[in-house]
Amino acid sequence: MLRQSRRFFILGVLIIGVTLWLSPGPVSPPQLEHQALAINIEVPVRVFKGDKFVDDLTLADFELYEDGVLQKIEAVYLIKKTTVSREDRPKKPAALPQRFSPPTARHLVLIFELTEYFPRIREVVDYLFHKVITPEDTLLVATPVKTYTLPSSAWQKRKREEIAEELLSRIKKDLIWGNRDYQRLYKDIERMFTEYRDPSDQTWSLRYKMLVGQLLSYRYLDEQKFREFIDYLQEKEGQKYVFLFYQEEVIPTDPETEKIFFKEFAFQSSMTANAEKIKRLFAHSSIAINFIYLSPKKLRQLTPDALNPGSFKTVACSLDEVFAVFQGMAEATGGLVQTSANVAAAFQRAAEASENYYLLYYSPQNKAADGRFRRIKVKVKRPGCRVMHRLGYFASW
C-alpha cells in the first residue's frame, strides 16, 4: 500500500520527532536574550560581482529602504564564516550609540527531497565535513525516512571522517528504502507503455490516471508543516542556512496520454499552502533557503522508430509548481537557486556563497507594531553588483 503524501511532510517531522544522531539525550534549545530597549532590524546581505563575493564595501556603499522609505543604517558588519571581520558605523554617531552583538553562530540544515540516491552525494558529505562545518556549528540532516542531528559532543567522540561516513551511509539507506514505493509506482507507469498500450481503452486510461494521481500525491505541500519548520529554526540564535535538494520530477506519457494528463491534472494543486505567505514567514525568520534543483541532462525520452507495440515516446512533463514555490522561498530569504545535473558542484557553489555576508542594522522610522509585512530593499552604490537579502519582516515587536 502506497504511503500517500509522504514527500514534503519531512518539514513537519523536524518538529514532531527529531531523531537524535550520535546523541545520548535531547538537545536543549539555546536561551535567547531579548532586548526591549530599541527596535533594531538585522538584515544579512550578500553582494556579488559575477560569482565573486564583494568584501570591501563600507557603510557608505549601502542604501536601505523599508516600504520604499530610505532608512538610516546604524551599523554594518562584515562576517566571514563565523568571524566578525570588520565593523563600520556612521562617522557622526548619536550621543549614545547602540551596541550590537552580531550573532555569528551557524545552524546548518540539509534536506534531501530526492526520489533516488546519487553517487555524488558522497562528494556533498565530504565537502560538508572538510570545507563547511565546524565544531561550533549545529547540523540537522533530513531524509524521506528520518532526521538526524549532530551534537557538539560528537566531535570529541568520533573522528571527522567517521562521522561523515556514518551520515553518508544513513542518507543512502534512507533514500533507497524510503523511495521504494515511489520507484515501484513509476516503473508501473512505464510498463504501461512498454506492454499493452491503448489510450482509447477505458480500462487502460483509468489505470493510467489512477497511477499518475498516486505519483502526484507524493509532492503534496502543507502550510502547517512549513510553519512548524520555521518555528523550530526560529528558536535558534544565529544564522540559519537550509540546503534543500529537490529532484526534477517527470511523468511518462506520450502524445495520446499527454491529453489525459493535462486534462485531469494540469490544474490539480499540490498545495494547501499560500506561497506568498510562506515566503514572508521564512523572510521574517531570517532563514536562508538555498534551493538546489537537480535536473538530469537527458530526460527519459524514447522516440518510436516504428509503430509497433514495443515502440513509444515518453514526454517528460515537469511538475513545476513545487519548483516555483521553493524558488520563491530562496529568493525571499536571500538564498541561492542552483539548477544542475551535478549535486556536488551545486552544493559547493551554494555553500561557498553562504560563508561570507554583511549584517546591516537599522531602526525603522515606522515603529508602529501593526503586524503588517514591511518590505526591505538594499542597494549598493557600486555598479554591476548583485545584492541578495531577505524580503522583509512582520512588524510585531
# chains A, B, ... in the order shown; residues from 1 in each chain; ligands from 1

$ residues_around --residues "range 376-382 of chain A" --least-positions-apart "3" --cutoff "10 Å" --atoms "only C-alpha atoms" --output "short mmCIF file (atom, residue, chain, number, x, y, z; two decimals) with N, CA and C atoms, in the first residue's frame"
data_model
loop_
_atom_site.label_atom_id
_atom_site.label_comp_id
_atom_site.auth_asym_id
_atom_site.auth_seq_id
_atom_site.Cartn_x
_atom_site.Cartn_y
_atom_site.Cartn_z
N VAL A 43 19.64 42.66 8.97
CA VAL A 43 19.48 42.20 7.59
C VAL A 43 20.79 41.61 7.07
N VAL A 45 23.13 40.46 4.26
CA VAL A 45 23.19 40.88 2.85
C VAL A 45 24.42 40.25 2.20
N VAL A 47 26.64 40.36 -1.42
CA VAL A 47 26.86 41.17 -2.61
C VAL A 47 27.89 40.47 -3.49
N LYS A 49 29.79 40.26 -7.47
CA LYS A 49 30.08 40.79 -8.80
C LYS A 49 30.49 39.60 -9.63
N LEU A 57 33.12 46.53 0.83
CA LEU A 57 32.11 47.58 0.94
C LEU A 57 32.10 48.18 2.34
N THR A 58 31.74 49.45 2.42
CA THR A 58 31.61 50.13 3.71
C THR A 58 30.16 50.57 3.89
N LEU A 59 29.88 51.15 5.03
CA LEU A 59 28.52 51.62 5.32
C LEU A 59 28.07 52.62 4.25
N ALA A 60 28.98 53.45 3.78
CA ALA A 60 28.63 54.47 2.79
C ALA A 60 28.21 53.88 1.45
N ASP A 61 28.54 52.61 1.21
CA ASP A 61 28.19 51.97 -0.06
C ASP A 61 26.76 51.43 -0.07
N PHE A 62 26.13 51.36 1.09
CA PHE A 62 24.80 50.76 1.19
C PHE A 62 23.70 51.80 1.32
N GLU A 63 22.56 51.48 0.73
CA GLU A 63 21.31 52.20 0.97
C GLU A 63 20.25 51.17 1.31
N LEU A 64 19.45 51.45 2.34
CA LEU A 64 18.43 50.51 2.77
C LEU A 64 17.08 51.21 2.82
N TYR A 65 16.09 50.57 2.21
CA TYR A 65 14.74 51.13 2.15
C TYR A 65 13.77 50.15 2.81
N GLU A 66 12.79 50.72 3.53
CA GLU A 66 11.70 49.92 4.09
C GLU A 66 10.40 50.46 3.52
N ASP A 67 9.69 49.62 2.80
CA ASP A 67 8.46 50.05 2.11
C ASP A 67 8.71 51.32 1.28
N GLY A 68 9.86 51.37 0.65
CA GLY A 68 10.20 52.48 -0.24
C GLY A 68 10.78 53.70 0.44
N VAL A 69 10.86 53.69 1.78
CA VAL A 69 11.37 54.85 2.53
C VAL A 69 12.82 54.59 2.94
N LEU A 70 13.71 55.52 2.62
CA LEU A 70 15.12 55.39 2.97
C LEU A 70 15.29 55.38 4.49
N GLN A 71 16.08 54.44 4.99
CA GLN A 71 16.32 54.30 6.43
C GLN A 71 17.77 54.63 6.76
N LEU A 360 23.55 44.20 8.29
CA LEU A 360 23.15 45.60 8.38
C LEU A 360 22.13 45.75 9.50
N PHE A 373 3.44 43.33 7.06
CA PHE A 373 4.71 42.92 6.49
C PHE A 373 5.40 44.13 5.88
N CYS A 385 26.75 45.10 -9.41
CA CYS A 385 26.71 44.16 -8.29
C CYS A 385 25.33 43.52 -8.17
N ARG A 386 25.33 42.28 -7.72
CA ARG A 386 24.08 41.57 -7.44
C ARG A 386 23.92 41.51 -5.92
N VAL A 387 22.78 42.00 -5.43
CA VAL A 387 22.54 42.09 -3.99
C VAL A 387 21.45 41.10 -3.59
N MET A 388 21.73 40.30 -2.56
CA MET A 388 20.79 39.29 -2.09
C MET A 388 20.52 39.51 -0.60
N HIS A 389 19.23 39.53 -0.23
CA HIS A 389 18.86 39.71 1.17
C HIS A 389 17.42 39.25 1.35
N ARG A 390 16.98 39.21 2.60
CA ARG A 390 15.62 38.74 2.84
C ARG A 390 14.59 39.79 2.40
N LEU A 391 13.39 39.30 2.11
CA LEU A 391 12.34 40.13 1.55
C LEU A 391 11.82 41.18 2.53
N GLY A 392 11.76 40.85 3.82
CA GLY A 392 11.22 41.78 4.79
C GLY A 392 10.90 41.10 6.11
N TYR A 393 9.97 41.70 6.87
CA TYR A 393 9.63 41.17 8.19
C TYR A 393 8.24 41.65 8.58
#

$ residues_around --residues "range 283-286 of chain A" --least-positions-apart "6" --cutoff "10 Å" --atoms "only C-alpha atoms" --output "list of chain:residue names"
A:Glu42, A:Val43, A:Pro44, A:Ile230, A:Asp231, A:Leu233, A:Gln234, A:Glu235, A:Gly238, A:Gln239, A:Lys240, A:Tyr241, A:Lys277, A:Met329, A:Ala330, A:Glu331, A:Ala332, A:Thr333, A:Gly334, A:Phe373, A:Arg374, A:Arg375, A:His389, A:Arg390, A:Leu391, A:Gly392, A:Tyr393, A:Phe394, A:Ala395

$ write_last_selection --atoms "C-alpha atoms" --output "PDB file, in the first residue's frame"
ATOM      1  CA  GLU A  42      19.026  42.858  11.309  1.00  0.00           C
ATOM      2  CA  VAL A  43      19.476  42.202   7.588  1.00  0.00           C
ATOM      3  CA  PRO A  44      22.053  39.697   6.298  1.00  0.00           C
ATOM      4  CA  ILE A 230      10.020  27.789  10.739  1.00  0.00           C
ATOM      5  CA  ASP A 231       9.148  27.688  14.452  1.00  0.00           C
ATOM      6  CA  LEU A 233      14.596  27.096  13.434  1.00  0.00           C
ATOM      7  CA  GLN A 234      13.378  30.446  14.716  1.00  0.00           C
ATOM      8  CA  GLU A 235      14.189  29.360  18.268  1.00  0.00           C
ATOM      9  CA  GLY A 238      22.382  32.936  14.858  1.00  0.00           C
ATOM     10  CA  GLN A 239      22.405  32.396  11.123  1.00  0.00           C
ATOM     11  CA  LYS A 240      20.192  29.625   9.760  1.00  0.00           C
ATOM     12  CA  TYR A 241      21.105  28.012   6.433  1.00  0.00           C
ATOM     13  CA  LYS A 277       2.541  33.794   2.929  1.00  0.00           C
ATOM     14  CA  MET A 329      11.349  30.784  -0.847  1.00  0.00           C
ATOM     15  CA  ALA A 330      15.037  31.008  -1.781  1.00  0.00           C
ATOM     16  CA  GLU A 331      14.683  34.412  -3.416  1.00  0.00           C
ATOM     17  CA  ALA A 332      12.634  35.785  -0.493  1.00  0.00           C
ATOM     18  CA  THR A 333      15.257  34.739   2.062  1.00  0.00           C
ATOM     19  CA  GLY A 334      18.375  35.894   0.237  1.00  0.00           C
ATOM     20  CA  PHE A 373       4.713  42.920   6.487  1.00  0.00           C
ATOM     21  CA  ARG A 374       7.404  45.519   5.802  1.00  0.00           C
ATOM     22  CA  ARG A 375       9.400  45.076   2.600  1.00  0.00           C
ATOM     23  CA  HIS A 389      18.857  39.709   1.169  1.00  0.00           C
ATOM     24  CA  ARG A 390      15.615  38.742   2.845  1.00  0.00           C
ATOM     25  CA  LEU A 391      12.335  40.134   1.549  1.00  0.00           C
ATOM     26  CA  GLY A 392      11.217  41.783   4.794  1.00  0.00           C
ATOM     27  CA  TYR A 393       9.634  41.173   8.193  1.00  0.00           C
ATOM     28  CA  PHE A 394       6.373  41.402  10.142  1.00  0.00           C
ATOM     29  CA  ALA A 395       6.138  44.464  12.416  1.00  0.00           C
TER      30      ALA A 395
END

$ atom_distance --atom1 "CA of Ile111 in chain A" --atom2 "CA of Phe291 in chain A"
9.9 Å

$ residues_around --residues "Lys131 in chain A" --least-positions-apart "3" --cutoff "10 Å" --atoms "only C-alpha atoms" --output "compact mmCIF listing (two decimals) with N, CA and C atoms, in the first residue's frame"
# COMPACT_ATOMS: atom_id res chain seq x y z
N VAL A 125 28.69 15.18 1.13
CA VAL A 125 29.01 14.94 2.54
C VAL A 125 30.48 15.22 2.81
N ASP A 126 31.37 14.79 1.91
CA ASP A 126 32.81 15.05 2.10
C ASP A 126 33.08 16.55 2.14
N TYR A 127 32.48 17.31 1.23
CA TYR A 127 32.71 18.75 1.21
C TYR A 127 32.14 19.41 2.46
N LEU A 128 30.97 18.93 2.89
CA LEU A 128 30.35 19.47 4.10
C LEU A 128 31.28 19.34 5.30
N THR A 134 31.99 23.37 11.16
CA THR A 134 32.97 23.46 12.24
C THR A 134 32.34 22.89 13.50
N GLN A 348 28.43 22.83 -3.51
CA GLN A 348 29.65 23.59 -3.25
C GLN A 348 29.45 25.07 -3.54
N ALA A 351 27.20 26.54 -0.79
CA ALA A 351 27.89 26.63 0.49
C ALA A 351 28.90 27.77 0.49
N GLU A 352 29.65 27.90 -0.60
CA GLU A 352 30.63 28.98 -0.69
C GLU A 352 29.96 30.35 -0.65

$ residues_around --residues "Asp88 in chain A" --least-positions-apart "2" --cutoff "12 Å" --atoms "only C-alpha atoms" --output "number ranges by chain"
A: 56-62, 73-79, 84-86, 90-93, 100, 358-361

$ atom_distance --atom1 "CA of Tyr357 in chain A" --atom2 "CA of Ile133 in chain A"
16.6 Å

$ residues_around --residues "Thr339 in chain A" --least-positions-apart "4" --cutoff "8 Å" --atoms "only C-alpha atoms" --output "list of chain:residue names"
A:Ile292, A:Tyr293, A:Leu294, A:Ser295, A:Ala346

$ closest_residue --among "A:Pro102, A:Gly384, A:Pro144, A:Pro151" --to "Asp174 in chain A" --atoms "only C-alpha atoms"
A:Pro144
